[in-house]
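Colleague: Please find upload_5.cif (mmCIF, C-alpha atoms) on the next line:
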data_target
loop_
_atom_site.label_atom_id
_atom_site.label_comp_id
_atom_site.auth_asym_id
_atom_site.auth_seq_id
_atom_site.Cartn_x
_atom_site.Cartn_y
_atom_site.Cartn_z
CA MET A 112 -13.71 -3.18 -19.15
CA LYS A 113 -11.27 -5.94 -18.36
CA ILE A 114 -9.17 -5.09 -15.30
CA VAL A 115 -6.27 -7.33 -14.28
CA VAL A 116 -5.28 -6.95 -10.62
CA ILE A 117 -1.69 -7.98 -9.91
CA GLY A 118 -1.65 -9.09 -6.29
CA GLY A 119 -5.35 -9.71 -6.68
CA THR A 120 -5.55 -12.40 -4.01
CA GLY A 121 -4.08 -10.22 -1.23
CA LEU A 122 -5.54 -7.83 1.34
CA ILE A 123 -6.05 -4.89 -1.03
CA GLY A 124 -6.21 -6.75 -4.32
CA SER A 125 -9.05 -9.09 -3.35
CA GLN A 126 -11.15 -6.09 -2.34
CA VAL A 127 -10.34 -4.24 -5.56
CA VAL A 128 -11.41 -7.28 -7.57
CA ALA A 129 -14.73 -7.43 -5.70
CA LEU A 130 -15.37 -3.70 -6.09
CA VAL A 131 -14.79 -3.54 -9.84
CA ARG A 132 -16.81 -6.71 -10.43
CA ALA A 133 -19.67 -5.13 -8.50
CA ARG A 134 -19.52 -2.24 -10.97
CA GLY A 135 -19.97 -4.65 -13.87
CA HIS A 136 -16.35 -4.97 -15.05
CA GLU A 137 -14.45 -8.16 -15.79
CA ALA A 138 -11.77 -8.55 -13.11
CA VAL A 139 -8.90 -11.03 -13.11
CA ALA A 140 -7.03 -11.74 -9.86
CA ALA A 141 -3.40 -12.38 -10.85
CA SER A 142 -0.76 -13.63 -8.43
CA PRO A 143 1.81 -16.43 -8.18
CA SER A 144 -0.96 -18.66 -6.79
CA THR A 145 -2.91 -18.16 -10.05
CA GLY A 146 0.14 -18.74 -12.26
CA VAL A 147 1.24 -15.11 -12.76
CA ASP A 148 4.73 -14.21 -11.55
CA THR A 149 5.69 -10.62 -12.31
CA LEU A 150 9.26 -11.12 -11.08
CA THR A 151 9.95 -13.62 -13.87
CA GLY A 152 7.20 -12.50 -16.24
CA GLN A 153 5.66 -15.97 -16.22
CA GLY A 154 1.95 -15.95 -17.08
CA LEU A 155 1.76 -12.20 -17.75
CA THR A 156 1.16 -12.39 -21.50
CA GLU A 157 -1.76 -14.76 -21.09
CA ALA A 158 -3.28 -12.87 -18.14
CA LEU A 159 -3.17 -9.52 -19.97
CA LYS A 160 -4.86 -10.64 -23.18
CA GLY A 161 -7.72 -8.23 -23.84
CA ALA A 162 -6.99 -6.18 -20.71
CA ASP A 163 -7.88 -2.50 -20.65
CA VAL A 164 -6.40 -1.73 -17.22
CA VAL A 165 -3.73 -3.29 -15.01
CA VAL A 166 -3.73 -2.59 -11.27
CA ASP A 167 -0.53 -3.38 -9.37
CA VAL A 168 -1.04 -3.89 -5.64
CA SER A 169 1.62 -6.58 -5.31
CA ASN A 170 4.28 -6.40 -2.61
CA SER A 171 7.84 -7.54 -2.22
CA PRO A 172 8.22 -10.68 -0.10
CA SER A 173 11.13 -8.91 1.65
CA PHE A 174 11.33 -5.47 3.30
CA ASP A 175 15.12 -5.47 2.92
CA ALA A 176 16.46 -2.86 0.51
CA GLU A 177 18.12 -4.95 -2.21
CA PRO A 178 15.51 -7.70 -2.67
CA ALA A 179 12.70 -5.12 -2.51
CA LEU A 180 14.42 -2.98 -5.15
CA ASP A 181 14.89 -6.00 -7.40
CA PHE A 182 11.28 -7.11 -6.97
CA PHE A 183 9.65 -3.75 -7.64
CA THR A 184 11.81 -2.67 -10.58
CA ARG A 185 11.88 -6.01 -12.38
CA SER A 186 8.15 -6.53 -11.84
CA ALA A 187 7.31 -3.03 -13.09
CA ARG A 188 9.40 -3.52 -16.22
CA HIS A 189 7.87 -6.92 -16.97
CA MET A 190 4.37 -5.51 -16.48
CA THR A 191 4.76 -2.43 -18.65
CA GLU A 192 6.42 -4.45 -21.44
CA ALA A 193 3.57 -6.96 -21.40
CA GLU A 194 1.01 -4.15 -21.18
CA LYS A 195 2.35 -2.42 -24.29
CA GLU A 196 2.23 -5.70 -26.18
CA ALA A 197 -1.35 -6.30 -25.04
CA GLY A 198 -2.55 -2.74 -25.75
CA VAL A 199 -3.33 -1.94 -22.10
CA ARG A 200 -4.32 1.72 -21.83
CA HIS A 201 -3.99 2.36 -18.07
CA HIS A 202 -1.61 1.14 -15.36
CA VAL A 203 -2.52 1.83 -11.71
CA THR A 204 0.10 1.39 -8.98
CA LEU A 205 -0.38 1.51 -5.21
CA SER A 206 2.44 3.27 -3.38
CA ILE A 207 3.08 5.01 -0.04
CA VAL A 208 2.54 8.58 1.13
CA GLY A 209 5.87 10.32 1.74
CA VAL A 210 7.79 7.57 -0.01
CA ASP A 211 10.10 10.02 -1.81
CA GLN A 212 11.00 11.87 1.39
CA VAL A 213 12.70 9.03 3.31
CA PRO A 214 15.90 8.26 1.35
CA GLY A 215 17.45 6.44 4.30
CA TYR A 216 14.79 3.69 4.33
CA GLY A 217 15.67 1.04 1.75
CA TYR A 218 12.15 -0.29 1.22
CA TYR A 219 10.91 3.23 0.48
CA ARG A 220 13.75 3.75 -2.01
CA ALA A 221 12.60 0.57 -3.73
CA LYS A 222 9.05 1.93 -3.99
CA VAL A 223 10.39 5.20 -5.45
CA ALA A 224 12.25 3.15 -8.07
CA GLN A 225 9.01 1.30 -8.84
CA GLU A 226 7.21 4.60 -9.38
CA GLU A 227 10.01 5.78 -11.69
CA ALA A 228 9.80 2.55 -13.70
CA VAL A 229 6.05 3.06 -14.10
CA ARG A 230 6.50 6.68 -15.21
CA ASP A 231 9.13 5.64 -17.74
CA GLY A 232 7.30 2.50 -18.88
CA GLY A 233 5.40 4.01 -21.79
CA VAL A 234 1.90 3.13 -20.53
CA PRO A 235 -0.48 5.87 -19.26
CA TYR A 236 -0.59 5.54 -15.49
CA SER A 237 -2.05 6.61 -12.16
CA ILE A 238 -0.18 6.30 -8.85
CA VAL A 239 -2.21 6.11 -5.64
CA ARG A 240 -0.13 6.77 -2.54
CA ALA A 241 -1.70 5.66 0.75
CA THR A 242 -0.70 6.15 4.37
CA GLN A 243 -0.10 3.09 6.57
CA PHE A 244 -3.01 0.65 6.87
CA PHE A 245 -4.96 0.09 10.10
CA GLU A 246 -4.27 -3.61 9.54
CA PHE A 247 -0.54 -2.95 9.91
CA ILE A 248 -0.74 -1.60 13.48
CA ALA A 249 -1.12 -4.97 15.24
CA PRO A 250 1.80 -6.62 13.38
CA VAL A 251 4.00 -3.59 14.16
CA MET A 252 3.06 -3.98 17.82
CA ASP A 253 3.93 -7.69 17.74
CA MET A 254 7.32 -6.94 16.18
CA SER A 255 7.96 -4.35 18.88
CA THR A 256 6.94 -6.52 21.86
CA ASP A 257 9.54 -7.30 24.52
CA GLY A 258 8.01 -9.42 27.25
CA GLY A 259 4.87 -7.62 28.36
CA GLN A 260 5.93 -4.30 26.89
CA VAL A 261 5.21 -2.94 23.42
CA ARG A 262 8.01 -0.49 22.70
CA MET A 263 6.95 2.07 20.09
CA PRO A 264 8.17 5.51 19.01
CA SER A 265 5.98 8.62 18.97
CA THR A 266 6.24 8.90 15.17
CA ARG A 267 3.13 10.54 13.74
CA LEU A 268 0.98 8.58 11.30
CA ARG A 269 -2.38 9.11 9.61
CA PRO A 270 -3.44 5.51 9.13
CA ILE A 271 -6.21 4.40 6.80
CA ALA A 272 -8.45 1.34 6.52
CA ALA A 273 -7.47 -1.14 3.81
CA ALA A 274 -11.07 -1.03 2.57
CA ASP A 275 -10.75 2.71 1.96
CA VAL A 276 -7.48 2.14 0.09
CA ALA A 277 -9.09 -0.53 -2.08
CA SER A 278 -11.96 1.83 -2.85
CA ALA A 279 -9.55 4.57 -3.99
CA VAL A 280 -7.57 2.14 -6.14
CA ALA A 281 -10.74 0.73 -7.71
CA GLU A 282 -11.93 4.27 -8.44
CA ALA A 283 -8.62 5.09 -10.13
CA ALA A 284 -8.80 1.90 -12.20
CA GLN A 285 -12.24 2.82 -13.52
CA GLY A 286 -11.20 6.36 -14.42
CA GLU A 287 -8.82 7.91 -16.89
CA PRO A 288 -5.04 7.86 -16.36
CA SER A 289 -3.87 10.89 -14.36
CA ASN A 290 -0.17 10.43 -15.23
CA GLY A 291 0.41 11.69 -11.71
CA VAL A 292 0.04 10.93 -8.01
CA ARG A 293 -3.02 10.98 -5.75
CA ASN A 294 -2.47 10.85 -1.97
CA ILE A 295 -5.03 9.25 0.34
CA ALA A 296 -5.01 9.23 4.14
CA GLY A 297 -7.12 8.40 7.17
CA PRO A 298 -9.11 11.05 9.03
CA GLU A 299 -6.89 11.37 12.12
CA ILE A 300 -3.23 12.07 12.80
CA GLN A 301 -2.03 9.88 15.68
CA ARG A 302 1.26 9.05 17.32
CA LEU A 303 2.25 5.43 16.80
CA ASP A 304 2.59 4.79 20.54
CA ARG A 305 -0.89 6.23 21.05
CA LEU A 306 -2.27 3.91 18.36
CA GLY A 307 -0.78 1.05 20.37
CA GLU A 308 -2.56 2.29 23.50
CA ILE A 309 -5.86 2.62 21.64
CA THR A 310 -5.46 -0.93 20.33
CA LEU A 311 -4.81 -2.43 23.74
CA ALA A 312 -7.64 -0.45 25.31
CA ALA A 313 -10.01 -2.00 22.80
CA LYS A 314 -8.42 -5.46 22.90
CA PRO A 315 -6.47 -5.86 26.15
CA ASP A 316 -4.03 -8.77 26.25
CA GLY A 317 -1.87 -7.94 29.27
CA ARG A 318 0.69 -5.89 27.36
CA THR A 319 1.41 -2.20 27.96
CA VAL A 320 2.86 0.40 25.61
CA VAL A 321 6.18 2.06 26.42
CA THR A 322 7.25 5.05 24.35
CA ASP A 323 10.70 4.36 22.91
CA GLY A 324 12.08 6.62 20.19
CA GLU A 325 14.62 3.95 19.15
CA ALA A 326 12.22 1.03 18.75
CA GLY A 327 10.70 -0.55 15.69
CA LEU A 328 10.31 0.10 11.98
CA PHE A 329 9.30 3.75 12.32
CA ALA A 330 11.98 4.87 14.78
CA GLY A 331 13.46 8.19 13.73
CA MET A 332 11.11 8.49 10.75
CA PRO A 333 10.63 12.12 9.71
CA ASP A 334 7.16 13.66 9.88
CA VAL A 335 6.14 12.71 6.33
CA LEU A 336 3.77 9.78 6.90
CA VAL A 337 0.68 11.93 7.48
CA GLY A 338 0.27 13.30 3.98
CA ASP A 339 -0.33 16.95 3.20
CA ASP A 340 -3.20 19.26 2.36
CA THR A 341 -3.60 17.62 -1.05
CA ALA A 342 -4.47 14.21 0.43
CA HIS A 343 -7.97 12.82 0.00
CA VAL A 344 -9.19 12.03 3.51
CA ALA A 345 -11.13 8.80 4.06
CA ALA A 346 -13.93 8.62 6.63
CA THR A 347 -13.15 5.50 8.67
CA ARG A 348 -11.72 6.19 12.15
CA TYR A 349 -9.30 3.71 13.74
CA GLU A 350 -11.32 3.26 16.93
CA ASP A 351 -14.49 2.57 14.93
CA TRP A 352 -12.61 0.09 12.75
CA LEU A 353 -11.27 -1.71 15.83
CA LYS A 354 -14.80 -2.24 17.12
CA ARG A 355 -15.71 -4.04 13.90
CA ASN A 356 -12.57 -6.19 13.58
#
What's the structure tokens form of this structure?
Modeller:
Amino acid sequence: MKIVVIGGTGLIGSQVVALVRARGHEAVAASPSTGVDTLTGQGLTEALKGADVVVDVSNSPSFDAEPALDFFTRSARHMTEAEKEAGVRHHVTLSIVGVDQVPGYGYYRAKVAQEEAVRDGGVPYSIVRATQFFEFIAPVMDMSTDGGQVRMPSTRLRPIAAADVASAVAEAAQGEPSNGVRNIAGPEIQRLDRLGEITLAAKPDGRTVVTDGEAGLFAGMPDVLVGDDTAHVAATRYEDWLKRN
């Protein structure tokens, strides 16, 4: 099978490319750096020639509502149009657990619009929704740092290792289209402030965590980022991952 991975040079995409190649498939890493721009459609026709599956793990360069909405919807439309022309039989999109339950968060609304564009695009599809990545915890802490304090809310998350996300996406790409959604999550539900404490216990840098319900990206977020009983639970624990990274 030929599998084209949009966003194939990024954190998730590069791992997906490696996983499907290891299973004997032809994998193409497509991104602006390789001449494929889904926002404009540039390079898509050439990249998709002979493709059986397209995996979209690309991300908007902006988390702001309007540019994210424009990126995800235009990119999805360009991809599905090019896929139909190329005879692609399966489109796999990576999305976010709980994305349709947070209408007040503009980036999440943009991801919902992306999912809708995929559903309406006319290509058989699978949507994999993941909880927040382990790799995202440290950047969130940095954005929430004020002097020596890391101010974080007690919002509950069920974070997952990027490697486990890549594995689930690669599995979906090698299977049949579900024309539905599969949720994946990490093994443990943790408060975000507690994740900050665990991080600094493993890698102390002089900062301390202060619980602040008004601070950061996840302030006031409803309890939807942990998935539900339908979620596939990955094995990697955050503390074990920290020891290896």
Colleague: Which of these, A:Glu194, A:Tyr218, A:Ala129, A:Gly121, has the shortest distance to Glu157 in chain A once you count all atoms listed in the file?
Modeller: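 Closest candidate: A:Glu194.
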Colleague: Quick check on the file I pasted: which residues fall under the PyMOL selection byres ((chain A and resi 256-269) around 7)? Write them as a ChimeraX atom specification.
Modeller: /A:242,252-255,270-271,296-297,299-304,317-327,329-330,332,334,336-337
Colleague: When you draw a straight line from CA of Gln126 in chain A to CA of Ser169 in chain A, how long is it in Å?
Modeller: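 Result for CA of Gln126 in chain A versus CA of Ser169 in chain A: 13.1 Å, one decimal.
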Colleague: So how many Å separate CA of Val276 in chain A and CA of Asp148 in chain A, to one decimal?
Modeller: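 Answer for the CA of Val276 in chain A to CA of Asp148 in chain A separation: 23.5 Å.
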Colleague: Hey, which of A:Val139, A:Val165, A:Ala277, A:Ala197 ends up closest to Val127 in chain A? Count all atoms listed in the file.
Modeller: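 That would be A:Ala277, the residue with the smallest distance to Val127 in chain A.
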Colleague: Calculated over only C-alpha atoms, which of the candidates A:Gly338, A:Gly209, A:Pro288, A:Gly198 has the smallest distance to Ile238 in chain A?
Modeller: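 Checking each of A:Gly338, A:Gly209, A:Pro288, A:Gly198 against Ile238 in chain A, counting only C-alpha atoms, the winner is A:Pro288.
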Colleague: Do you know which residues the PyMOL selection byres ((chain A and resi 345) around 8) returns on this file, as number ranges by chain?
Modeller: A: 271, 275, 295-298, 343-344, 346-347
Colleague: Excluding Glu287 in chain A and residues on its chain fewer than 2 positions from it, collect all residues at most 9 Å away from it, counting all atoms listed in the file, and give them as a list in words.
Modeller: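 Final neighbour list, sorted by chain and number: His201, Pro235, Tyr236, Ser237, Ala283, Ala284, Gln285 and Ser289 of chain A.
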Colleague: So how many Å separate CA of Phe245 in chain A and CA of Asp175 in chain A, to one decimal?
Modeller: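 Between CA of Phe245 in chain A and CA of Asp175 in chain A the gap is 22.0 Å.
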Colleague: For Pro143 in chain A, which residue out of A:Gly232, A:Gly124, A:Gly119, A:Gly331 is the nearest one, using only C-alpha atoms?
Modeller: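 With only C-alpha atoms as the atom set, the closest residue is A:Gly119.
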Colleague: Out of A:Ala228, A:Ala179, A:Val223, A:Ile114, which residue has the shortest atom-to-atom distance to Gly135 in chain A when counting only C-alpha atoms?
Modeller: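 Ranking A:Ala228, A:Ala179, A:Val223, A:Ile114 by distance to Gly135 in chain A, first place goes to A:Ile114.
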Colleague: Closest to Thr204 in chain A among A:Gly217, A:Pro250, A:Gly146, A:Gly118, using all atoms listed in the file?
Modeller: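 Answer, going by the shortest atom-to-atom distance: A:Gly118.
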Colleague: Expanded to explicit residues, what is the PyMOL selection byres ((chain A and resi 205) around 7) for this file, as JSON, numbers by chain?
Modeller: {"A": [167, 168, 203, 204, 206, 238, 239, 240]}
Colleague: Would you list the residues near (-4.7, -1.0, 13.2), meaning any protein, DNA or RNA residue with an atom at most 10 Å from that point in file coordinates, counting only C-alpha atoms, as a CSV table (one decimal) with C-alpha atoms, in the coordinates of the input?
Modeller:
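What ended up in selection-v2.csv:
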chain,number,residue,atom,x,y,z
A,243,GLN,CA,-0.1,3.1,6.6
A,244,PHE,CA,-3.0,0.6,6.9
A,245,PHE,CA,-5.0,0.1,10.1
A,246,GLU,CA,-4.3,-3.6,9.5
A,247,PHE,CA,-0.5,-3.0,9.9
A,248,ILE,CA,-0.7,-1.6,13.5
A,249,ALA,CA,-1.1,-5.0,15.2
A,250,PRO,CA,1.8,-6.6,13.4
A,251,VAL,CA,4.0,-3.6,14.2
A,252,MET,CA,3.1,-4.0,17.8
A,270,PRO,CA,-3.4,5.5,9.1
A,271,ILE,CA,-6.2,4.4,6.8
A,272,ALA,CA,-8.4,1.3,6.5
A,273,ALA,CA,-7.5,-1.1,3.8
A,306,LEU,CA,-2.3,3.9,18.4
A,307,GLY,CA,-0.8,1.0,20.4
A,309,ILE,CA,-5.9,2.6,21.6
A,310,THR,CA,-5.5,-0.9,20.3
A,349,TYR,CA,-9.3,3.7,13.7
A,350,GLU,CA,-11.3,3.3,16.9
A,352,TRP,CA,-12.6,0.1,12.8
A,353,LEU,CA,-11.3,-1.7,15.8
A,356,ASN,CA,-12.6,-6.2,13.6
Colleague: Counting only C-alpha atoms, write as a CSV table (one decimal) with C-alpha atoms, in the frame of the given file all protein and nucleic acid residues lying at most 12 Å from (-7.6, -11.2, -21.7) in the file's frame.
Modeller:
chain,number,residue,atom,x,y,z
A,112,MET,CA,-13.7,-3.2,-19.2
A,113,LYS,CA,-11.3,-5.9,-18.4
A,114,ILE,CA,-9.2,-5.1,-15.3
A,115,VAL,CA,-6.3,-7.3,-14.3
A,137,GLU,CA,-14.4,-8.2,-15.8
A,138,ALA,CA,-11.8,-8.6,-13.1
A,139,VAL,CA,-8.9,-11.0,-13.1
A,140,ALA,CA,-7.0,-11.7,-9.9
A,141,ALA,CA,-3.4,-12.4,-10.8
A,154,GLY,CA,2.0,-16.0,-17.1
A,155,LEU,CA,1.8,-12.2,-17.8
A,156,THR,CA,1.2,-12.4,-21.5
A,157,GLU,CA,-1.8,-14.8,-21.1
A,158,ALA,CA,-3.3,-12.9,-18.1
A,159,LEU,CA,-3.2,-9.5,-20.0
A,160,LYS,CA,-4.9,-10.6,-23.2
A,161,GLY,CA,-7.7,-8.2,-23.8
A,162,ALA,CA,-7.0,-6.2,-20.7
A,163,ASP,CA,-7.9,-2.5,-20.6
A,164,VAL,CA,-6.4,-1.7,-17.2
A,165,VAL,CA,-3.7,-3.3,-15.0
A,193,ALA,CA,3.6,-7.0,-21.4
A,194,GLU,CA,1.0,-4.2,-21.2
A,197,ALA,CA,-1.4,-6.3,-25.0
A,198,GLY,CA,-2.6,-2.7,-25.8
A,199,VAL,CA,-3.3,-1.9,-22.1
